[in-house]
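J.: Let me give you the structure first, and then I'll get to my questions.
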Amino acid sequence: MSLNIIQDHPDQLSKTLIDQLSLLVSHILRDYKKSDLEINLKLVSSDEMMSLNQTYRKKTKDTNVLSFPADPEVIQMSKELGDIAICLPFMKSEAKTLNRNLDDHMMHLVAHGVLHLFGHDHIDEKDANLMESHEISYLKKFNIANPY
C-alpha cells in the first residue's frame with residue numbers, strides 16, 4: 001500500500017474514501033516514477049496541528065494540511081517519501097465554508113500535500129499556477145471539480 005493512514009478513530013474516514021485516497025496517491029507516485037515509495041497521512045486535532053505549525057513554520061494558527069518531506073537517506077532506507085498531516089476539524093469547517101463535498105475536499109488536500117512532498121510550492125504565482133494545474137488534473141480523474 002502506498003498510503004498509510006493514521007487516525008485516532010477507525011471510523012473517521014469511510015472505506016470508500018480511504019480507497020479513493022489510496023488510488024489518488026498511487027496515481028501521483030506513479031507519475032513521478034516513485035511507485036515503490038509510501039506516504040504517511042495522519043489525521044490530527046486542531047491542537048496538534050497548531051503545535052506542528054508553530055514548531056515547523058513558526059505560525060501560531062491552525063491550518064488544513066502540512067507536508068513533511070523525508071530526507072533522501074530516510075527515503076532510501078524506509079521507502080517513505082514523507083508525512084502529511086491533515087487537521088480534520090479545520091478541513092470539515094473549511095469544506096462547509098467553501099460549500100464543498102467533504103470527501104472531495106479531503107482528496108484535494110491529500111493531492112496538495114503529496115505534491116508538496118515532491119517539492120511543489122505556491123509561494124509565487126507561477127509556482128502556484130503549476131501546482132494548482134497538477135491538483136486539478138489529478139482531481140479530474142476522480143470526477144472532482146476544479147477546487148479553484
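A note on labels: chains of the C-alpha cells are A, B, ... as shown, every chain counts residues from 1, and ligands are counted from 1 in their shown order.
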Hey, what's within 9 Å of Ser78 (chain A) if we count only C-alpha atoms and toss same-chain stuff fewer than 5 positions away? As a ChimeraX atom specification, please?
T.: /A:37-38,73
J.: Go ahead and write the residues just picked, C-alpha atoms, as a tab-separated table (two decimals), in the first residue's frame.
T.:
chain	number	residue	atom	x	y	z
A	37	LEU	CA	7.50	4.69	-2.04
A	38	GLU	CA	4.94	5.15	0.71
A	73	GLU	CA	18.66	8.97	3.31
J.: Find the residues near Asp8 (chain A): any atom within 9 Å, counting only C-alpha atoms, skip ones fewer than 2 places away on the same chain, and give them as a list of chain:residue names.
T.: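 The contact residues come out as A:Ile6, A:Pro10, A:Asp11, A:Gln12, A:Lys42, A:Leu43, A:Val44.
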J.: Which one of A:Leu29, A:Leu41, A:Ala70, A:Leu24 sits closest to Gly82 (chain A) if you count only C-alpha atoms?
T.: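 Of the candidates, the smallest distance to Gly82 (chain A) is held by A:Ala70.
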J.: List as a VMD selection string the protein and nucleic acid residues near Lys79 (chain A), meaning an atom at most 7 Å away when only C-alpha atoms are counted, but skip any in the same chain fewer than 2 places from it.
T.: chain A and resid 36 to 38 75 to 77 81
J.: Print the selection's residues with C-alpha atoms to a file, as a short mmCIF file (atom, residue, chain, number, x, y, z; two decimals), in the first residue's frame.
T.:
data_model
loop_
_atom_site.label_atom_id
_atom_site.label_comp_id
_atom_site.auth_asym_id
_atom_site.auth_seq_id
_atom_site.Cartn_x
_atom_site.Cartn_y
_atom_site.Cartn_z
CA ASP A 36 7.84 1.95 -4.68
CA LEU A 37 7.50 4.69 -2.04
CA GLU A 38 4.94 5.15 0.71
CA ILE A 75 13.61 7.69 1.80
CA GLN A 76 16.32 5.26 0.73
CA MET A 77 16.13 3.28 3.98
CA LEU A 81 8.52 9.85 0.81
#
J.: Please provide the set of residues having any atom within 7 Å of region 116-120 of chain A, restricted to only C-alpha atoms, with same-chain residues fewer than 3 positions apart removed, written as a list of chain:residue names.
T.: A:Ser67, A:Phe68, A:Pro69, A:Leu81, A:Gly82, A:His112, A:Gly113, A:Met131
J.: Filtering to C-alpha atoms, could you give me those residues as a PDB file, in the first residue's frame?
T.:
ATOM      1  CA  SER A  67       3.631  18.171   4.498  1.00  0.00           C
ATOM      2  CA  PHE A  68       6.930  16.896   5.832  1.00  0.00           C
ATOM      3  CA  PRO A  69       9.243  15.515   3.143  1.00  0.00           C
ATOM      4  CA  LEU A  81       8.519   9.850   0.809  1.00  0.00           C
ATOM      5  CA  GLY A  82       7.266  11.744   3.834  1.00  0.00           C
ATOM      6  CA  HIS A 112      -1.910  19.133  -2.412  1.00  0.00           C
ATOM      7  CA  GLY A 113       0.087  17.522   0.391  1.00  0.00           C
ATOM      8  CA  MET A 131       0.848  23.220  -8.576  1.00  0.00           C
TER       9      MET A 131
END
J.: Find the residues near region 136-147 of chain A: any atom within 9 Å, counting only C-alpha atoms, skip ones fewer than 4 places away on the same chain, and give them as a PyMOL selection string.
T.: chain A and resi 20+24+27-28+100+104-105+107-108+111+131-132
J.: Take the residues from that selection and write them out as a CSV table (one decimal), in the first residue's frame, keeping C-alpha atoms.
T.:
chain,number,residue,atom,x,y,z
A,20,GLN,CA,-10.1,6.7,-3.3
A,24,LEU,CA,-5.0,9.1,-5.8
A,27,HIS,CA,-1.5,7.8,-9.4
A,28,ILE,CA,0.7,10.6,-8.3
A,100,ARG,CA,-17.5,21.7,-1.0
A,104,ASP,CA,-13.8,15.9,-2.5
A,105,HIS,CA,-12.1,18.4,-0.2
A,107,MET,CA,-9.0,14.4,-1.9
A,108,HIS,CA,-7.8,17.9,-2.8
A,111,ALA,CA,-3.2,15.8,-3.6
A,131,MET,CA,0.8,23.2,-8.6
A,132,GLU,CA,-2.8,24.0,-9.0
J.: Give the answer as one residue: which of A:Asn129, A:Gln54, A:Ser22, A:Thr16 has the shortest atom-to-atom distance to Ser2 (chain A), using only C-alpha atoms?
T.: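 The closest residue to Ser2 (chain A) is A:Ser22.
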J.: Could you check which of A:Thr60, A:Asn99, A:Ser51, A:Asn40 is closest to Ala85 (chain A), using only C-alpha atoms?
T.: A:Asn40
J.: Kindly indicate which residue among A:His134, A:His9, A:Lys126, A:Lys59 lies nearest to Tyr32 (chain A), using only C-alpha atoms for the distances.
T.: A:His134
J.: Which is closer to Leu88 (chain A) than all the others in A:Leu3, A:Ile18, A:Leu13, A:Leu130, using only C-alpha atoms?
T.: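 Looking at the shortest contact to Leu88 (chain A), the residue is A:Leu13.
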J.: Taking the DSSP secondary structure from the backbone, can you list the residues of region 5-141 of chain A that are strand (DSSP E), as a PyMOL selection string?
T.: chain A and resi 5-6+38-44+65-69+80-87
J.: Could you please take those selected residues and save C-alpha atoms as an mmCIF file, in the first residue's frame?
T.:
data_model
loop_
_atom_site.group_PDB
_atom_site.id
_atom_site.type_symbol
_atom_site.label_atom_id
_atom_site.label_comp_id
_atom_site.auth_asym_id
_atom_site.auth_seq_id
_atom_site.Cartn_x
_atom_site.Cartn_y
_atom_site.Cartn_z
ATOM 1 C CA ILE A 5 -3.445 6.411 7.165
ATOM 2 C CA ILE A 6 -3.123 7.066 10.877
ATOM 3 C CA GLU A 38 4.935 5.148 0.710
ATOM 4 C CA ILE A 39 3.351 8.208 2.269
ATOM 5 C CA ASN A 40 2.038 8.535 5.809
ATOM 6 C CA LEU A 41 -1.161 10.523 6.314
ATOM 7 C CA LYS A 42 -2.089 11.443 9.857
ATOM 8 C CA LEU A 43 -5.420 12.977 10.779
ATOM 9 C CA VAL A 44 -4.785 15.426 13.605
ATOM 10 C CA VAL A 65 -2.645 20.483 5.656
ATOM 11 C CA LEU A 66 1.088 20.315 6.324
ATOM 12 C CA SER A 67 3.631 18.171 4.498
ATOM 13 C CA PHE A 68 6.930 16.896 5.832
ATOM 14 C CA PRO A 69 9.243 15.515 3.143
ATOM 15 C CA GLU A 80 8.758 6.602 2.785
ATOM 16 C CA LEU A 81 8.519 9.850 0.809
ATOM 17 C CA GLY A 82 7.266 11.744 3.834
ATOM 18 C CA ASP A 83 4.367 12.575 6.089
ATOM 19 C CA ILE A 84 1.206 14.608 5.611
ATOM 20 C CA ALA A 85 -0.869 15.967 8.483
ATOM 21 C CA ILE A 86 -4.468 16.988 7.868
ATOM 22 C CA CYS A 87 -6.478 18.724 10.560
#
J.: Please report the interatomic distance between CA of Met91 (chain A) and CA of Asp71 (chain A) in Å with one decimal.
T.: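 Spanning CA of Met91 (chain A) to CA of Asp71 (chain A) is a straight-line distance of 27.4 Å.
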J.: Where in chain A does DSSP assign alpha helix (DSSP H), given as a ChimeraX atom specification?
T.: /A:15-31,46-57,72-78,88-97,102-117,125-140
J.: What does the distance from CA of Arg57 (chain A) to CA of Phe90 (chain A) come to in Å, to one decimal?
T.: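 Going from CA of Arg57 (chain A) over to CA of Phe90 (chain A), I get 17.4 Å.
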